[in-house]
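> Shown below is the structure under consideration.
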Number of protein chains: 2
Amino acid sequence: MCSERKVRLGVIGSGKGSNFVALAQACRGGNLVAEVAVVLSDVAESGILKHAGGFDLPARFIEPGKFRTKLDDAAEASYVAALREARVDVVVLAGFMRILKGTFLSAFPGRVINIHPALLPSFPGLASWKQALDHGVKVTGCTVHWVDQGIDTGRIIAQQAVPVLEGDTAETLHERIQQAERVLYPQTIGDLIRRGTLKPAST
Amino acid sequence: MCSERKVRLGVIGSGKGSNFVALAQACRGGNLVAEVAVVLSDVAESGILKHAGGFDLPARFIEPGKFRTKLDDAAEASYVAALREARVDVVVLAGFMRILKGTFLSAFPGRVINIHPALLPSFPGLASWKQALDHGVKVTGCTVHWVDQGIDTGRIIAQQAVPVLEGDTAETLHERIQQAERVLYPQTIGDLIRRGTLKPAST
């Protein structure tokens with residue numbers, strides 16, 4: 001016996017939360033038939049947690065532990081527990097600055113999604129808009145992909161090209177890419193739900 | 001004393017010559033203020049040489065020598081001599097399937113240009129449309145770049161994004177990229193001439 005319900009998103013981020021806001025607005029506005037079940041962050045003072053409060057959505061800071069670029073085992077277990085407790089169907093990374101390990105990923109197999117500010121496989125890793133500018137490309141963009149244990153190596157779901165303009169700085173280019181992200185991420189998650197790739201778990 | 005004359009292109013290719021045809025048509029039609037001074041190929045029966053005949057342009061097969069992926073020293077000297085004899089201002093690679101070495105490049109410093117069927121730095125090398133499809137990207141494209149001694153590593157001049165569509169095969173994707181190339185290559189060379197980056201040598 002399955003009760004019909006919306007796909008529940010668990011959003012995790014470390015930063016200002018612009019992609020989270022786009023997702024939350026798309027859910028509220030009905031463009032994305034899903035709901036944000038919980039927002040988690042490894043940064044206590046992050047914008048994403050403040051924005052979650054503004055949307056009156058459950059949000060928690062969870063200590064990341066002793067490492068800088070990943071969660072330690074105890075922290076990983078806490079994140080998994082919080083996501084399970086919120087009964088999330090899909091984990092949506094939105095500017096989360098830590099690598100997820102196999103134990104986390106195996107808790108949500110095929111259900112962890114990320115957006116990266118470049119046209120992967122070009123420019124994985126940090127500050128990819130700056131990498132793109134330094135390389136001299138004329139087209140960059142953003143990529144929604146499934147998360148695997150590599151750094152931005154998971155299977156690609158959707159991409160949007162973004163032009164590099166003459167006179168662009170890292171900041172102007174980053175802003176233009178983020179504008180594209182705020183459209184592509186809700187649209188792509190919506191497509192995955194419409195196609196039945198992402199669906200509510202049986203309850 | 002300089003006499004005003006058009007920029008003279010030396011086009012080198014190994015294949016069917018679709019980019020050459022686009023360039024020759026743009027020169028004839030006046031969209032590209034340049035002229036094709038000579039067409040060279042390492043493949044005697046190549047389409048590019050046949051098309052050159054159709055445009056009534058000077059065209060030559062020059063033996064590439066004993067290697068498969070580059071010119072041998074004697075062949076390289078023959079190519080350089082033919083291009084100099086035709087007084088070319090810029091060497092335009094159009095589907096030329098051999099790596100050029102430093103001796104060739106130093107004969108035309110900063111004046112050898114190539115188009116590659118991918119959004120570099122993604123997918124350098126052979127059959128890049130197939131690489132892109134196999135990787136699962138949703139956006140690929142083409143790149144006009146200066147040629148250096150690496151494989152598709154030279155400084156990028158212009159890029160055009162091309163979508164990968166559901167149901168694309170290597171062939172349909174390649175054809176869509178080539179359509180974009182036939183626009184981007186003449187346009188980019190025209191821009192370089194208008195900006196004075198490429199100009200006729202003093203005579």
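Convention: chains lettered A, B, ... in structure tokens order; per-chain residue numbering from 1; ligands numbered from 1 as shown.
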What would you get as an mmCIF file with C-alpha atoms, in the first residue's frame if chain A were moved onto chain B by least squares over all of its C-alpha atoms in order?


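See result.cif below for the written result:
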```cif
data_model
loop_
_atom_site.group_PDB
_atom_site.id
_atom_site.type_symbol
_atom_site.label_atom_id
_atom_site.label_comp_id
_atom_site.auth_asym_id
_atom_site.auth_seq_id
_atom_site.Cartn_x
_atom_site.Cartn_y
_atom_site.Cartn_z
ATOM 1 C CA MET A 1 55.947 50.145 -49.313
ATOM 2 C CA CYS A 2 53.095 47.727 -48.679
ATOM 3 C CA SER A 3 50.641 46.849 -51.385
ATOM 4 C CA GLU A 4 47.121 46.319 -50.041
ATOM 5 C CA ARG A 5 45.984 42.753 -50.574
ATOM 6 C CA LYS A 6 43.737 40.189 -49.011
ATOM 7 C CA VAL A 7 44.899 37.790 -46.321
ATOM 8 C CA ARG A 8 46.010 34.593 -48.064
ATOM 9 C CA LEU A 9 44.923 31.313 -46.543
ATOM 10 C CA GLY A 10 46.801 28.055 -46.965
ATOM 11 C CA VAL A 11 44.341 25.275 -46.218
ATOM 12 C CA ILE A 12 45.539 21.771 -45.302
ATOM 13 C CA GLY A 13 43.229 18.801 -44.883
ATOM 14 C CA SER A 14 43.007 15.047 -45.103
ATOM 15 C CA GLY A 15 39.274 14.466 -45.468
ATOM 16 C CA LYS A 16 36.143 15.384 -47.275
ATOM 17 C CA GLY A 17 36.806 19.107 -47.057
ATOM 18 C CA SER A 18 33.539 20.424 -45.618
ATOM 19 C CA ASN A 19 35.289 23.160 -43.667
ATOM 20 C CA PHE A 20 37.352 24.074 -46.702
ATOM 21 C CA VAL A 21 34.182 24.440 -48.765
ATOM 22 C CA ALA A 22 32.663 26.700 -46.101
ATOM 23 C CA LEU A 23 35.809 28.854 -46.095
ATOM 24 C CA ALA A 24 36.039 29.019 -49.889
ATOM 25 C CA GLN A 25 32.362 29.960 -50.154
ATOM 26 C CA ALA A 26 32.759 32.649 -47.494
ATOM 27 C CA CYS A 27 35.728 34.087 -49.410
ATOM 28 C CA ARG A 28 33.839 33.991 -52.715
ATOM 29 C CA GLY A 29 30.693 35.449 -51.191
ATOM 30 C CA GLY A 30 32.570 38.278 -49.529
ATOM 31 C CA ASN A 31 31.650 37.311 -45.945
ATOM 32 C CA LEU A 32 35.302 36.505 -45.344
ATOM 33 C CA VAL A 33 37.715 39.116 -46.680
ATOM 34 C CA ALA A 34 40.452 36.647 -47.525
ATOM 35 C CA GLU A 35 41.423 34.325 -50.331
ATOM 36 C CA VAL A 36 42.454 30.700 -50.459
ATOM 37 C CA ALA A 37 45.968 30.764 -51.880
ATOM 38 C CA VAL A 38 46.553 27.011 -51.927
ATOM 39 C CA VAL A 39 45.029 23.744 -50.720
ATOM 40 C CA LEU A 40 47.329 20.918 -49.640
ATOM 41 C CA SER A 41 46.497 17.378 -48.647
ATOM 42 C CA ASP A 42 48.321 14.283 -47.448
ATOM 43 C CA VAL A 43 45.609 12.107 -49.035
ATOM 44 C CA ALA A 44 45.731 11.922 -52.819
ATOM 45 C CA GLU A 45 42.070 10.982 -53.254
ATOM 46 C CA SER A 46 40.703 13.322 -50.578
ATOM 47 C CA GLY A 47 37.477 15.241 -51.025
ATOM 48 C CA ILE A 48 39.242 18.467 -50.107
ATOM 49 C CA LEU A 49 41.452 18.278 -53.217
ATOM 50 C CA LYS A 50 38.458 17.503 -55.432
ATOM 51 C CA HIS A 51 36.527 20.440 -53.952
ATOM 52 C CA ALA A 52 39.530 22.716 -54.493
ATOM 53 C CA GLY A 53 39.400 21.771 -58.153
ATOM 54 C CA GLY A 54 35.716 22.656 -58.194
ATOM 55 C CA PHE A 55 36.572 26.123 -56.919
ATOM 56 C CA ASP A 56 39.387 26.331 -59.467
ATOM 57 C CA LEU A 57 41.897 26.864 -56.684
ATOM 58 C CA PRO A 58 45.512 25.647 -56.691
ATOM 59 C CA ALA A 59 45.644 22.289 -54.914
ATOM 60 C CA ARG A 60 48.348 19.694 -54.379
ATOM 61 C CA PHE A 61 48.779 16.305 -52.847
ATOM 62 C CA ILE A 62 52.104 16.179 -51.008
ATOM 63 C CA GLU A 63 53.445 12.818 -49.823
ATOM 64 C CA PRO A 64 53.388 12.751 -46.011
ATOM 65 C CA GLY A 65 56.336 10.357 -45.727
ATOM 66 C CA LYS A 66 56.750 7.255 -43.661
ATOM 67 C CA PHE A 67 54.829 8.064 -40.463
ATOM 68 C CA ARG A 68 51.116 7.648 -39.812
ATOM 69 C CA THR A 69 50.444 10.473 -37.363
ATOM 70 C CA LYS A 70 52.936 13.148 -38.413
ATOM 71 C CA LEU A 71 54.900 14.342 -41.414
ATOM 72 C CA ASP A 72 58.475 13.184 -41.791
ATOM 73 C CA ASP A 73 61.156 15.878 -42.018
ATOM 74 C CA ALA A 74 61.329 15.904 -45.814
ATOM 75 C CA ALA A 75 57.539 16.068 -46.114
ATOM 76 C CA GLU A 76 57.348 18.865 -43.577
ATOM 77 C CA ALA A 77 59.879 20.834 -45.602
ATOM 78 C CA SER A 78 57.795 20.249 -48.744
ATOM 79 C CA TYR A 79 54.633 21.521 -47.066
ATOM 80 C CA VAL A 80 56.421 24.608 -45.754
ATOM 81 C CA ALA A 81 57.912 25.283 -49.187
ATOM 82 C CA ALA A 82 54.532 24.956 -50.914
ATOM 83 C CA LEU A 83 52.881 27.300 -48.425
ATOM 84 C CA ARG A 84 55.688 29.859 -48.763
ATOM 85 C CA GLU A 85 55.609 29.611 -52.518
ATOM 86 C CA ALA A 86 51.883 30.422 -52.376
ATOM 87 C CA ARG A 87 52.706 33.350 -50.054
ATOM 88 C CA VAL A 88 50.165 32.310 -47.435
ATOM 89 C CA ASP A 89 49.651 34.576 -44.419
ATOM 90 C CA VAL A 90 47.908 31.978 -42.285
ATOM 91 C CA VAL A 91 47.832 28.191 -42.301
ATOM 92 C CA VAL A 92 44.312 26.880 -41.781
ATOM 93 C CA LEU A 93 44.035 23.241 -40.736
ATOM 94 C CA ALA A 94 40.747 21.778 -41.895
ATOM 95 C CA GLY A 95 40.544 18.145 -40.954
ATOM 96 C CA PHE A 96 44.302 17.548 -41.218
ATOM 97 C CA MET A 97 44.969 14.294 -39.401
ATOM 98 C CA ARG A 98 48.648 14.711 -38.586
ATOM 99 C CA ILE A 99 50.448 16.467 -35.747
ATOM 100 C CA LEU A 100 52.642 19.383 -36.806
ATOM 101 C CA LYS A 101 56.077 19.637 -35.259
ATOM 102 C CA GLY A 102 58.042 22.621 -34.091
ATOM 103 C CA THR A 103 59.882 23.112 -37.381
ATOM 104 C CA PHE A 104 56.603 23.563 -39.256
ATOM 105 C CA LEU A 105 55.096 25.782 -36.576
ATOM 106 C CA SER A 106 58.171 27.991 -36.337
ATOM 107 C CA ALA A 107 57.912 28.631 -40.093
ATOM 108 C CA PHE A 108 54.514 30.264 -39.454
ATOM 109 C CA PRO A 109 54.754 31.575 -35.900
ATOM 110 C CA GLY A 110 51.362 32.395 -34.413
ATOM 111 C CA ARG A 111 49.729 31.841 -37.775
ATOM 112 C CA VAL A 112 48.553 28.213 -37.703
ATOM 113 C CA ILE A 113 44.929 27.727 -36.767
ATOM 114 C CA ASN A 114 42.773 24.624 -36.302
ATOM 115 C CA ILE A 115 39.177 23.692 -35.581
ATOM 116 C CA HIS A 116 38.429 20.807 -33.237
ATOM 117 C CA PRO A 117 35.033 19.116 -32.929
ATOM 118 C CA ALA A 118 34.635 19.444 -29.142
ATOM 119 C CA LEU A 119 34.615 22.110 -26.464
ATOM 120 C CA LEU A 120 38.281 21.917 -25.526
ATOM 121 C CA PRO A 121 39.805 21.159 -23.077
ATOM 122 C CA SER A 122 37.225 18.348 -23.074
ATOM 123 C CA PHE A 123 37.827 15.563 -25.566
ATOM 124 C CA PRO A 124 41.063 16.363 -27.391
ATOM 125 C CA GLY A 125 42.309 13.835 -29.945
ATOM 126 C CA LEU A 126 40.477 11.589 -32.353
ATOM 127 C CA ALA A 127 36.708 11.103 -32.803
ATOM 128 C CA SER A 128 35.946 13.661 -30.123
ATOM 129 C CA TRP A 129 32.214 13.555 -30.926
ATOM 130 C CA LYS A 130 32.259 9.851 -30.058
ATOM 131 C CA GLN A 131 34.260 10.560 -26.890
ATOM 132 C CA ALA A 132 31.624 13.134 -25.920
ATOM 133 C CA LEU A 133 28.740 10.751 -26.596
ATOM 134 C CA ASP A 134 30.420 7.926 -24.670
ATOM 135 C CA HIS A 135 31.069 10.275 -21.738
ATOM 136 C CA GLY A 136 27.403 11.223 -21.654
ATOM 137 C CA VAL A 137 27.776 15.000 -21.922
ATOM 138 C CA LYS A 138 24.661 16.966 -22.869
ATOM 139 C CA VAL A 139 26.548 19.869 -24.417
ATOM 140 C CA THR A 140 29.554 19.598 -26.699
ATOM 141 C CA GLY A 141 30.648 21.832 -29.566
ATOM 142 C CA CYS A 142 33.630 22.997 -31.542
ATOM 143 C CA THR A 143 36.733 25.038 -30.829
ATOM 144 C CA VAL A 144 38.918 27.210 -33.056
ATOM 145 C CA HIS A 145 42.414 27.416 -31.577
ATOM 146 C CA TRP A 146 45.982 28.328 -32.370
ATOM 147 C CA VAL A 147 48.107 25.273 -33.030
ATOM 148 C CA ASP A 148 50.976 24.383 -30.765
ATOM 149 C CA GLN A 149 52.993 21.192 -30.504
ATOM 150 C CA GLY A 150 50.454 19.498 -28.228
ATOM 151 C CA ILE A 151 47.355 17.647 -29.370
ATOM 152 C CA ASP A 152 44.580 20.251 -29.398
ATOM 153 C CA THR A 153 46.205 22.190 -26.565
ATOM 154 C CA GLY A 154 46.797 25.571 -28.236
ATOM 155 C CA ARG A 155 45.228 28.804 -27.054
ATOM 156 C CA ILE A 156 41.490 28.960 -27.682
ATOM 157 C CA ILE A 157 40.159 31.626 -30.059
ATOM 158 C CA ALA A 158 36.447 30.821 -30.325
ATOM 159 C CA GLN A 159 33.976 28.125 -29.322
ATOM 160 C CA GLN A 160 30.430 27.214 -30.200
ATOM 161 C CA ALA A 161 28.258 24.989 -28.023
ATOM 162 C CA VAL A 162 26.247 22.212 -29.686
ATOM 163 C CA PRO A 163 23.570 20.241 -27.816
ATOM 164 C CA VAL A 164 23.659 16.465 -27.582
ATOM 165 C CA LEU A 165 20.112 15.268 -28.245
ATOM 166 C CA GLU A 166 18.380 12.154 -27.004
ATOM 167 C CA GLY A 167 18.787 9.405 -29.545
ATOM 168 C CA ASP A 168 21.935 10.925 -31.033
ATOM 169 C CA THR A 169 24.346 8.511 -32.654
ATOM 170 C CA ALA A 170 28.000 9.338 -33.248
ATOM 171 C CA GLU A 171 27.005 10.181 -36.818
ATOM 172 C CA THR A 172 24.099 12.532 -36.042
ATOM 173 C CA LEU A 173 26.105 14.311 -33.369
ATOM 174 C CA HIS A 174 29.152 14.631 -35.635
ATOM 175 C CA GLU A 175 26.984 16.094 -38.394
ATOM 176 C CA ARG A 176 25.477 18.657 -35.990
ATOM 177 C CA ILE A 177 28.951 19.667 -34.795
ATOM 178 C CA GLN A 178 30.184 19.994 -38.377
ATOM 179 C CA GLN A 179 27.281 22.303 -39.187
ATOM 180 C CA ALA A 180 28.435 24.533 -36.342
ATOM 181 C CA GLU A 181 32.032 24.329 -37.552
ATOM 182 C CA ARG A 182 31.081 25.520 -41.021
ATOM 183 C CA VAL A 183 29.701 28.707 -39.461
ATOM 184 C CA LEU A 184 32.268 29.219 -36.693
ATOM 185 C CA TYR A 185 35.457 28.758 -38.737
ATOM 186 C CA PRO A 186 34.882 31.436 -41.427
ATOM 187 C CA GLN A 187 33.367 33.788 -38.838
ATOM 188 C CA THR A 188 36.350 33.411 -36.479
ATOM 189 C CA ILE A 189 38.954 33.890 -39.211
ATOM 190 C CA GLY A 190 36.998 36.950 -40.346
ATOM 191 C CA ASP A 191 37.042 38.321 -36.793
ATOM 192 C CA LEU A 192 40.822 37.799 -36.542
ATOM 193 C CA ILE A 193 41.301 39.690 -39.802
ATOM 194 C CA ARG A 194 38.972 42.552 -38.780
ATOM 195 C CA ARG A 195 40.858 42.901 -35.503
ATOM 196 C CA GLY A 196 44.194 42.923 -37.310
ATOM 197 C CA THR A 197 45.386 39.750 -35.543
ATOM 198 C CA LEU A 198 45.741 38.153 -38.950
ATOM 199 C CA LYS A 199 46.941 40.447 -41.702
ATOM 200 C CA PRO A 200 48.656 40.272 -45.064
ATOM 201 C CA ALA A 201 52.442 40.196 -44.881
ATOM 202 C CA SER A 202 54.276 43.127 -46.427
ATOM 203 C CA THR A 203 55.085 42.348 -50.017
#
```

> Output as a ChimeraX atom specification all residues of chain A that backbone DSSP marks as helix (DSSP H, G or I).

/A:18-29,47-54,73-85,102-107,128-135,170-194

> Looking only at strand (DSSP E or B) from DSSP on the backbone, list the matching residues of range 5-142 of chain B as a ChimeraX atom specification.

/B:7-13,34-41,59-61,70,90-93,99,112-116,139-142

> Limited to N, CA and C atoms, could you put the picked residues into a file as a tab-separated table (two decimals), in the first residue's frame?


```
chain	number	residue	atom	x	y	z
B	7	VAL	N	44.21	38.84	-47.07
B	7	VAL	CA	44.90	37.78	-46.32
B	7	VAL	C	44.82	36.49	-47.12
B	8	ARG	N	45.95	35.83	-47.27
B	8	ARG	CA	46.01	34.61	-48.08
B	8	ARG	C	46.03	33.37	-47.16
B	9	LEU	N	45.06	32.51	-47.35
B	9	LEU	CA	44.91	31.30	-46.53
B	9	LEU	C	45.55	30.11	-47.23
B	10	GLY	N	46.34	29.35	-46.49
B	10	GLY	CA	46.80	28.06	-46.96
B	10	GLY	C	46.06	26.98	-46.20
B	11	VAL	N	45.21	26.23	-46.88
B	11	VAL	CA	44.34	25.27	-46.20
B	11	VAL	C	44.92	23.87	-46.35
B	12	ILE	N	45.01	23.14	-45.26
B	12	ILE	CA	45.54	21.78	-45.30
B	12	ILE	C	44.52	20.83	-44.69
B	13	GLY	N	44.20	19.77	-45.40
B	13	GLY	CA	43.23	18.81	-44.87
B	13	GLY	C	43.46	17.42	-45.40
B	34	ALA	N	39.23	37.42	-47.45
B	34	ALA	CA	40.46	36.65	-47.53
B	34	ALA	C	40.38	35.84	-48.81
B	35	GLU	N	41.49	35.22	-49.17
B	35	GLU	CA	41.42	34.32	-50.33
B	35	GLU	C	42.21	33.05	-50.04
B	36	VAL	N	41.73	31.96	-50.61
B	36	VAL	CA	42.44	30.70	-50.45
B	36	VAL	C	43.57	30.68	-51.48
B	37	ALA	N	44.81	30.68	-50.98
B	37	ALA	CA	45.97	30.75	-51.87
B	37	ALA	C	46.37	29.37	-52.36
B	38	VAL	N	46.18	28.37	-51.52
B	38	VAL	CA	46.55	27.01	-51.91
B	38	VAL	C	45.86	26.02	-50.97
B	39	VAL	N	45.58	24.84	-51.50
B	39	VAL	CA	45.02	23.74	-50.70
B	39	VAL	C	45.99	22.57	-50.80
B	40	LEU	N	46.39	22.05	-49.65
B	40	LEU	CA	47.32	20.91	-49.62
B	40	LEU	C	46.67	19.75	-48.89
B	41	SER	N	47.00	18.54	-49.32
B	41	SER	CA	46.48	17.36	-48.63
B	41	SER	C	47.53	16.26	-48.61
B	59	ALA	N	45.71	23.35	-55.89
B	59	ALA	CA	45.63	22.28	-54.90
B	59	ALA	C	46.68	21.23	-55.21
B	60	ARG	N	47.28	20.69	-54.16
B	60	ARG	CA	48.33	19.69	-54.35
B	60	ARG	C	48.27	18.61	-53.30
B	61	PHE	N	48.46	17.39	-53.76
B	61	PHE	CA	48.77	16.29	-52.84
B	61	PHE	C	50.27	16.31	-52.58
B	70	LYS	N	52.24	11.86	-38.20
B	70	LYS	CA	52.92	13.15	-38.40
B	70	LYS	C	53.56	13.13	-39.78
B	90	VAL	N	48.38	32.80	-43.41
B	90	VAL	CA	47.91	31.98	-42.29
B	90	VAL	C	47.66	30.56	-42.80
B	91	VAL	N	48.04	29.60	-41.97
B	91	VAL	CA	47.83	28.19	-42.29
B	91	VAL	C	46.58	27.72	-41.56
B	92	VAL	N	45.61	27.26	-42.32
B	92	VAL	CA	44.31	26.88	-41.78
B	92	VAL	C	44.17	25.36	-41.88
B	93	LEU	N	44.21	24.71	-40.72
B	93	LEU	CA	44.03	23.26	-40.72
B	93	LEU	C	42.54	22.96	-40.76
B	99	ILE	N	49.90	15.48	-36.66
B	99	ILE	CA	50.44	16.46	-35.73
B	99	ILE	C	51.55	17.24	-36.43
B	112	VAL	N	49.14	29.52	-37.35
B	112	VAL	CA	48.55	28.22	-37.70
B	112	VAL	C	47.34	28.02	-36.80
B	113	ILE	N	46.22	27.74	-37.44
B	113	ILE	CA	44.93	27.73	-36.76
B	113	ILE	C	44.24	26.40	-37.05
B	114	ASN	N	43.46	25.93	-36.10
B	114	ASN	CA	42.78	24.64	-36.29
B	114	ASN	C	41.37	24.73	-35.73
B	115	ILE	N	40.50	23.85	-36.19
B	115	ILE	CA	39.18	23.72	-35.57
B	115	ILE	C	39.04	22.29	-35.08
B	116	HIS	N	38.54	22.14	-33.86
B	116	HIS	CA	38.44	20.82	-33.23
B	116	HIS	C	36.98	20.57	-32.85
B	139	VAL	N	26.13	18.73	-23.60
B	139	VAL	CA	26.56	19.85	-24.43
B	139	VAL	C	27.99	19.55	-24.89
B	140	THR	N	28.22	19.64	-26.20
B	140	THR	CA	29.57	19.59	-26.70
B	140	THR	C	29.70	20.76	-27.67
B	141	GLY	N	30.54	20.68	-28.68
B	141	GLY	CA	30.66	21.83	-29.56
B	141	GLY	C	31.91	21.77	-30.40
B	142	CYS	N	32.41	22.94	-30.77
B	142	CYS	CA	33.64	23.01	-31.53
B	142	CYS	C	34.47	24.20	-31.08
```
